[in-house]
$ cat query.txt   # compact mmCIF, C-alpha atoms
# COMPACT_ATOMS: atom_id res chain seq x y z
CA MET A 1 -22.72 8.66 -62.59
CA ASN A 2 -24.74 11.87 -62.29
CA ILE A 3 -27.00 12.46 -59.33
CA PRO A 4 -30.56 12.84 -60.65
CA TYR A 5 -32.84 15.80 -59.90
CA THR A 6 -30.11 18.29 -58.98
CA VAL A 7 -31.65 20.73 -61.47
CA GLU A 8 -34.84 19.20 -62.85
CA GLU A 9 -37.78 18.73 -60.50
CA ARG A 10 -38.77 15.31 -59.21
CA PRO A 11 -42.06 14.09 -60.73
CA ASP A 12 -43.52 13.13 -57.32
CA SER A 13 -42.74 16.23 -55.24
CA GLY A 14 -42.18 18.82 -57.97
CA LEU A 15 -38.97 19.80 -56.17
CA ALA A 16 -35.27 19.41 -56.91
CA ASN A 17 -33.35 17.38 -54.31
CA GLY A 18 -31.52 20.37 -52.90
CA LYS A 19 -34.69 22.40 -52.35
CA LEU A 20 -36.38 19.70 -50.27
CA GLY A 21 -33.09 18.99 -48.53
CA ILE A 22 -32.47 22.58 -47.43
CA TRP A 23 -36.04 22.96 -46.14
CA LEU A 24 -35.77 19.75 -44.10
CA PHE A 25 -32.45 21.02 -42.74
CA LEU A 26 -34.08 24.33 -41.81
CA ALA A 27 -36.91 22.41 -40.11
CA SER A 28 -34.29 20.67 -37.93
CA GLU A 29 -32.74 24.08 -37.22
CA VAL A 30 -36.13 25.38 -36.05
CA MET A 31 -36.20 22.55 -33.49
CA LEU A 32 -32.60 23.26 -32.42
CA PHE A 33 -33.24 26.94 -31.72
CA GLY A 34 -36.73 26.08 -30.43
CA ALA A 35 -35.16 23.85 -27.74
CA LEU A 36 -32.95 26.74 -26.66
CA PHE A 37 -35.87 29.20 -26.67
CA SER A 38 -37.89 26.82 -24.47
CA THR A 39 -34.85 26.58 -22.17
CA TYR A 40 -34.88 30.38 -22.00
CA ILE A 41 -38.59 30.31 -21.04
CA ILE A 42 -37.93 27.80 -18.23
CA LEU A 43 -34.96 29.76 -16.90
CA ARG A 44 -36.74 33.10 -17.09
CA THR A 45 -40.05 32.03 -15.56
CA GLY A 46 -38.20 30.17 -12.81
CA ALA A 47 -35.93 33.07 -11.91
CA PRO A 48 -36.95 35.29 -8.98
CA GLU A 49 -35.74 38.32 -10.96
CA TRP A 50 -34.45 38.84 -14.47
CA PRO A 51 -31.79 41.45 -15.34
CA HIS A 52 -32.64 44.38 -17.62
CA GLY A 53 -30.30 46.75 -19.41
CA GLU A 54 -27.24 44.47 -19.27
CA LEU A 55 -26.84 44.51 -23.05
CA ASN A 56 -26.18 47.38 -25.43
CA ILE A 57 -29.53 47.87 -27.20
CA TRP A 58 -28.07 50.20 -29.85
CA LEU A 59 -25.37 47.72 -30.84
CA GLY A 60 -28.04 45.01 -31.03
CA MET A 61 -30.22 47.27 -33.18
CA ILE A 62 -27.32 48.06 -35.54
CA ASN A 63 -26.66 44.32 -35.88
CA THR A 64 -30.36 43.79 -36.69
CA PHE A 65 -30.13 46.42 -39.44
CA ILE A 66 -26.96 44.76 -40.76
CA LEU A 67 -28.59 41.33 -40.97
CA ILE A 68 -31.73 42.72 -42.62
CA ALA A 69 -29.56 44.53 -45.18
CA SER A 70 -27.61 41.30 -45.78
CA SER A 71 -30.89 39.45 -46.41
CA VAL A 72 -31.80 42.04 -49.06
CA THR A 73 -28.37 41.77 -50.72
CA MET A 74 -28.58 37.95 -50.61
CA VAL A 75 -31.96 37.81 -52.35
CA MET A 76 -30.66 40.39 -54.85
CA ALA A 77 -27.62 38.17 -55.56
CA TRP A 78 -30.05 35.40 -56.52
CA ALA A 79 -32.33 37.73 -58.54
CA GLU A 80 -29.41 39.22 -60.51
CA LEU A 81 -28.19 35.72 -61.34
CA LYS A 82 -31.66 34.83 -62.65
CA LEU A 83 -31.50 38.02 -64.75
CA HIS A 84 -28.08 36.89 -66.12
CA ASN A 85 -26.21 39.83 -64.54
CA TRP A 86 -23.11 37.97 -63.38
CA ALA A 87 -21.17 41.08 -62.23
CA ARG A 88 -24.07 42.43 -60.16
CA HIS A 89 -24.67 38.97 -58.69
CA ARG A 90 -21.03 38.90 -57.53
CA LEU A 91 -21.32 42.42 -56.14
CA PHE A 92 -24.39 41.56 -54.06
CA LEU A 93 -22.89 38.28 -52.83
CA ILE A 94 -19.69 40.09 -51.79
CA LEU A 95 -21.82 42.72 -50.01
CA THR A 96 -23.65 39.95 -48.13
CA PHE A 97 -20.34 38.41 -47.11
CA VAL A 98 -18.99 41.79 -45.93
CA LEU A 99 -22.17 42.57 -43.95
CA ALA A 100 -21.91 39.16 -42.26
CA GLY A 101 -18.32 40.02 -41.34
CA VAL A 102 -19.37 43.41 -39.92
CA PHE A 103 -22.02 41.63 -37.82
CA LEU A 104 -19.36 39.35 -36.35
CA VAL A 105 -16.99 42.28 -35.68
CA ASN A 106 -19.78 44.04 -33.75
CA LYS A 107 -20.43 40.82 -31.85
CA TYR A 108 -16.73 40.56 -31.04
CA PHE A 109 -16.75 44.07 -29.52
CA GLU A 110 -19.90 43.22 -27.58
CA TYR A 111 -18.46 39.96 -26.23
CA SER A 112 -15.07 41.51 -25.37
CA SER A 113 -16.71 44.34 -23.39
CA HIS A 114 -18.54 41.70 -21.31
CA PHE A 115 -15.43 39.61 -20.75
CA ALA A 116 -13.41 42.72 -19.83
CA LYS A 117 -15.86 43.25 -16.96
CA GLY A 118 -15.62 39.58 -15.97
CA GLU A 119 -19.14 38.93 -17.26
CA GLY A 120 -18.74 35.57 -18.95
CA PRO A 121 -21.40 32.86 -19.28
CA TRP A 122 -20.59 31.76 -15.70
CA HIS A 123 -21.58 35.19 -14.30
CA SER A 124 -25.37 34.73 -14.33
CA THR A 125 -28.17 32.60 -15.75
CA PHE A 126 -29.08 35.41 -18.13
CA LEU A 127 -25.55 35.69 -19.53
CA ALA A 128 -25.31 31.90 -19.79
CA ILE A 129 -28.37 31.71 -22.05
CA TYR A 130 -27.31 34.93 -23.85
CA PHE A 131 -23.89 33.53 -24.78
CA THR A 132 -25.36 30.14 -25.71
CA LEU A 133 -28.03 31.59 -28.03
CA THR A 134 -25.90 34.31 -29.63
CA GLY A 135 -22.86 32.01 -29.80
CA LEU A 136 -24.82 29.36 -31.68
CA HIS A 137 -26.28 32.04 -33.93
CA GLY A 138 -22.76 33.42 -34.52
CA LEU A 139 -21.59 29.94 -35.55
CA HIS A 140 -24.40 29.89 -38.11
CA ILE A 141 -23.17 33.24 -39.44
CA VAL A 142 -19.65 31.77 -39.79
CA GLY A 143 -21.11 28.72 -41.57
CA GLY A 144 -22.97 30.98 -44.01
CA MET A 145 -19.79 32.97 -44.66
CA VAL A 146 -17.85 29.77 -45.44
CA VAL A 147 -20.49 28.75 -48.02
CA MET A 148 -20.54 32.26 -49.53
CA ALA A 149 -16.73 32.29 -49.74
CA TYR A 150 -16.87 28.96 -51.56
CA LEU A 151 -19.50 30.26 -54.02
CA LEU A 152 -17.44 33.41 -54.60
CA GLY A 153 -14.24 31.38 -55.05
CA PRO A 154 -13.79 27.82 -56.31
CA GLY A 155 -17.53 27.06 -56.37
CA ALA A 156 -18.17 29.78 -58.97
CA ILE A 157 -16.69 27.54 -61.69
CA LEU A 158 -19.92 25.53 -61.62
CA PHE A 159 -21.70 28.46 -63.30
CA LYS A 160 -19.81 27.76 -66.54
CA ARG A 161 -20.41 24.00 -66.39
CA ASN A 162 -24.01 23.96 -65.14
CA PRO A 163 -25.50 27.44 -64.65
CA GLU A 164 -28.89 26.19 -63.44
CA GLN A 165 -27.32 24.10 -60.70
CA PHE A 166 -25.27 27.11 -59.61
CA VAL A 167 -28.42 29.28 -59.47
CA ASN A 168 -30.02 26.60 -57.28
CA ARG A 169 -27.02 26.62 -54.94
CA ILE A 170 -27.29 30.40 -54.56
CA GLU A 171 -31.01 30.01 -53.83
CA TYR A 172 -30.39 27.36 -51.14
CA THR A 173 -27.64 29.48 -49.59
CA GLY A 174 -30.10 32.36 -49.58
CA LEU A 175 -32.76 30.26 -47.82
CA TYR A 176 -30.25 29.37 -45.11
CA TRP A 177 -29.14 32.99 -44.80
CA HIS A 178 -32.69 34.32 -44.47
CA PHE A 179 -33.31 31.73 -41.76
CA VAL A 180 -30.26 33.01 -39.85
CA ASP A 181 -31.73 36.52 -40.19
CA LEU A 182 -35.12 35.25 -39.02
CA VAL A 183 -33.61 33.71 -35.87
CA TRP A 184 -31.91 37.03 -35.05
CA ILE A 185 -35.22 38.88 -35.54
CA PHE A 186 -36.52 36.91 -32.52
CA LEU A 187 -33.24 36.87 -30.56
CA PHE A 188 -32.92 40.66 -30.59
CA PRO A 189 -36.13 41.54 -28.69
CA VAL A 190 -35.98 38.46 -26.44
CA LEU A 191 -32.42 39.08 -25.22
CA TYR A 192 -31.88 42.85 -25.62
CA LEU A 193 -35.29 44.40 -24.97
CA LEU A 194 -37.40 42.20 -22.70
CA MET B 1 -40.79 30.62 -57.35
CA HIS B 2 -40.50 33.14 -60.16
CA SER B 3 -38.43 32.12 -63.16
CA ASP B 4 -39.32 34.55 -65.94
CA PRO B 5 -37.21 37.74 -66.01
CA GLU B 6 -40.18 40.14 -65.96
CA ALA B 7 -41.60 38.63 -62.76
CA ILE B 8 -38.17 38.77 -61.13
CA ARG B 9 -37.75 42.46 -62.07
CA LYS B 10 -41.07 43.17 -60.35
CA SER B 11 -39.95 41.19 -57.30
CA VAL B 12 -36.73 43.22 -57.00
CA ARG B 13 -38.74 46.33 -56.11
CA GLN B 14 -40.67 44.27 -53.55
CA TYR B 15 -37.44 43.02 -51.95
CA PHE B 16 -36.26 46.58 -51.29
CA MET B 17 -39.69 47.59 -49.96
CA ILE B 18 -39.75 44.64 -47.56
CA GLY B 19 -36.19 45.50 -46.48
CA ALA B 20 -37.32 49.07 -45.71
CA ALA B 21 -40.39 47.77 -43.83
CA LEU B 22 -38.14 45.51 -41.73
CA PHE B 23 -35.94 48.51 -40.88
CA VAL B 24 -39.00 50.51 -39.80
CA CYS B 25 -40.37 47.61 -37.71
CA THR B 26 -37.00 47.27 -35.95
CA GLY B 27 -37.09 50.99 -35.16
CA ILE B 28 -40.65 50.65 -33.81
CA THR B 29 -39.59 47.69 -31.60
CA VAL B 30 -36.79 49.74 -30.03
CA ALA B 31 -39.01 52.86 -29.71
CA VAL B 32 -41.72 50.85 -27.90
CA ASN B 33 -39.03 49.50 -25.57
CA GLN B 34 -38.04 53.06 -24.62
CA VAL B 35 -41.62 53.72 -23.42
CA HIS B 36 -41.11 51.16 -20.60
CA LEU B 37 -44.41 49.29 -20.81
CA ALA B 38 -45.40 46.68 -18.23
CA VAL B 39 -43.43 43.46 -18.83
CA PRO B 40 -46.35 41.27 -20.09
CA LEU B 41 -47.46 44.00 -22.51
CA ALA B 42 -43.87 44.69 -23.64
CA ILE B 43 -43.34 40.96 -24.33
CA THR B 44 -46.61 40.76 -26.28
CA VAL B 45 -45.86 43.84 -28.41
CA ALA B 46 -42.23 42.82 -29.11
CA LEU B 47 -43.21 39.27 -30.10
CA ILE B 48 -46.06 40.49 -32.34
CA ILE B 49 -43.69 42.83 -34.19
CA ALA B 50 -41.03 40.09 -34.41
CA SER B 51 -43.64 37.68 -35.82
CA ILE B 52 -44.70 40.23 -38.45
CA LYS B 53 -41.04 40.74 -39.41
CA GLY B 54 -40.43 36.99 -39.48
CA SER B 55 -43.44 36.36 -41.71
CA MET B 56 -42.23 39.05 -44.13
CA VAL B 57 -38.79 37.42 -44.37
CA ALA B 58 -40.29 33.94 -44.80
CA SER B 59 -42.99 34.85 -47.32
CA VAL B 60 -41.02 37.26 -49.54
CA PHE B 61 -37.27 36.62 -49.15
CA MET B 62 -37.68 32.85 -48.74
CA HIS B 63 -40.48 32.79 -51.38
CA LEU B 64 -42.81 30.85 -49.08
CA SER B 65 -45.81 32.74 -50.44
CA HIS B 66 -45.62 30.59 -53.58
CA GLU B 67 -43.96 27.29 -52.72
CA LYS B 68 -44.78 23.65 -53.43
CA ARG B 69 -47.09 21.55 -51.26
CA TRP B 70 -44.26 19.36 -49.95
CA ILE B 71 -42.53 22.38 -48.45
CA TYR B 72 -45.76 23.53 -46.77
CA GLY B 73 -46.31 19.99 -45.47
CA ALA B 74 -42.83 19.81 -43.97
CA LEU B 75 -43.25 23.24 -42.38
CA ILE B 76 -46.70 22.50 -40.94
CA LEU B 77 -45.21 19.41 -39.28
CA THR B 78 -42.33 21.54 -37.96
CA VAL B 79 -44.73 24.14 -36.56
CA LEU B 80 -46.72 21.40 -34.78
CA PHE B 81 -43.58 19.99 -33.16
CA PHE B 82 -42.39 23.52 -32.35
CA ILE B 83 -45.68 24.24 -30.55
CA VAL B 84 -45.24 21.03 -28.51
CA LEU B 85 -41.65 22.03 -27.75
CA MET B 86 -42.78 25.44 -26.50
CA SER B 87 -45.79 24.06 -24.61
CA VAL B 88 -43.86 21.53 -22.53
CA PRO B 89 -41.97 24.17 -20.48
CA MET B 90 -45.16 26.28 -20.24
CA PHE B 91 -47.04 23.35 -18.67
CA THR B 92 -44.06 22.53 -16.47
CA VAL B 93 -43.78 25.97 -14.91
CA GLY B 94 -47.34 27.18 -15.51
CA ASP B 95 -48.44 26.54 -11.92
CA SER B 96 -45.42 28.22 -10.34
CA ILE B 97 -45.00 31.47 -12.30
CA GLY B 98 -44.57 34.36 -9.90
CA THR B 99 -43.88 32.01 -6.99
CA PRO B 100 -40.41 32.37 -5.41
CA ILE B 101 -38.14 29.41 -6.13
CA GLY B 102 -38.56 26.76 -3.46
CA ALA B 103 -41.92 28.09 -2.26
CA ALA B 104 -43.90 25.85 -4.60
CA ASN B 105 -41.98 22.77 -3.49
CA ALA B 106 -42.19 23.80 0.15
CA SER B 107 -45.99 24.06 0.02
CA HIS B 108 -46.16 20.55 -1.50
CA SER B 109 -43.92 19.08 1.17
CA GLN B 110 -45.90 20.48 4.13
CA PRO B 111 -47.87 17.87 6.02
CA PRO B 112 -51.67 18.18 5.69
CA GLU B 113 -53.50 19.95 8.52
CA ARG B 114 -55.54 17.77 10.82
$ encode --input "query.txt" --output "structure tokens"
Amino acid sequence: MNIPYTVEERPDSGLANGKLGIWLFLASEVMLFGALFSTYIILRTGAPEWPHGELNIWLGMINTFILIASSVTMVMAWAELKLHNWARHRLFLILTFVLAGVFLVNKYFEYSSHFAKGEGPWHSTFLAIYFTLTGLHGLHIVGGMVVMAYLLGPGAILFKRNPEQFVNRIEYTGLYWHFVDLVWIFLFPVLYLL
Amino acid sequence: MHSDPEAIRKSVRQYFMIGAALFVCTGITVAVNQVHLAVPLAITVALIIASIKGSMVASVFMHLSHEKRWIYGALILTVLFFIVLMSVPMFTVGDSIGTPIGAANASHSQPPER
């Protein structure tokens, strides 16, 4: 039995199932990160002093540029698919995947330099919330990479069977990816600059 | 959401322009940080720039500028709950900001003067 409204829009909402589903998922993600941001506010306002300059601003800025670039390549992967340019779609999706990988490599160097100095999450309140927020964000990056790897690999077969459904999947992946970028846009100033 | 090829071709140019604007805004955020403003002003400026960047990502990359009513409805509800989530800690600590830890409790626990 086929699941209805995977491609065609529902008559009541005007949306396909996946579109409404991904937005509701993103709404729950807003609350997840929101809870951690409010934790940050409590910890920071309650602390007698808050450390400055503990993180490498330039590495954080490079990672911001990388995620912004990956958002552009992700939306381009969707646009090229809509324009029926399969090869360019693949190129942009691979670029997004690679940029996500570079982000994680940078994060690895950043984390390892902290651990080398004995500055783990146990070291201070600031580092505890820093590792929690960036660690959770990093897990989201890994999750996005797994989905992209699937769409580049075995999941790509769907394009031959049901191209519209595949385009929708790329769009939903893009929505998730832009959300991950959006979270970092707020994490960067909050943790690295303020 | 655009579906005809001509509209998408026009959007492609917009995607690159928004990407460039996001790069510039990130540079401005870091440059402002190097000026070493007072903390409340620095927080305000950084969050304003981050909000501008976030709205560009949401409206253009996530196509929120032309979405269906159900999506807007779900997001308005999320924003309301998000505001509550952010307000709770503000109210909790609002009367003790700038007070050393323990001082606020100590003042409450002192016996009233006779």
$ interface_residues --input "query.txt" --of "chain A" --to "chain B" --cutoff "6 Å" --atoms "only C-alpha atoms" --output "PyMOL selection string"
chain A and resi 27+38+42+45+48+83+175+182+186
$ atom_distance --input "query.txt" --atom1 "atom CA of A:His89" --atom2 "atom CA of A:Gly144"
16.8 Å
$ residues_around --input "query.txt" --residues "A:Arg169" --least-positions-apart "6" --cutoff "12 Å" --atoms "all atoms listed in the file" --output "number ranges by chain"
A: 6-7, 16-19, 21-22, 77-78, 81, 147-148, 150-152, 155-156, 158-159, 162-163, 175-176
$ closest_residue --input "query.txt" --among "A:Asn63, A:Thr134, A:Ser13, A:Asn85" --to "A:Val102" --atoms "all atoms listed in the file"
A:Asn63
$ closest_residue --input "query.txt" --among "A:Leu24, A:Ile94, A:Ile57, A:Val105" --to "A:Pro189" --atoms "all atoms listed in the file"
A:Ile57
$ atom_distance --input "query.txt" --atom1 "atom CA of A:Phe115" --atom2 "atom CA of A:Phe37"
23.7 Å
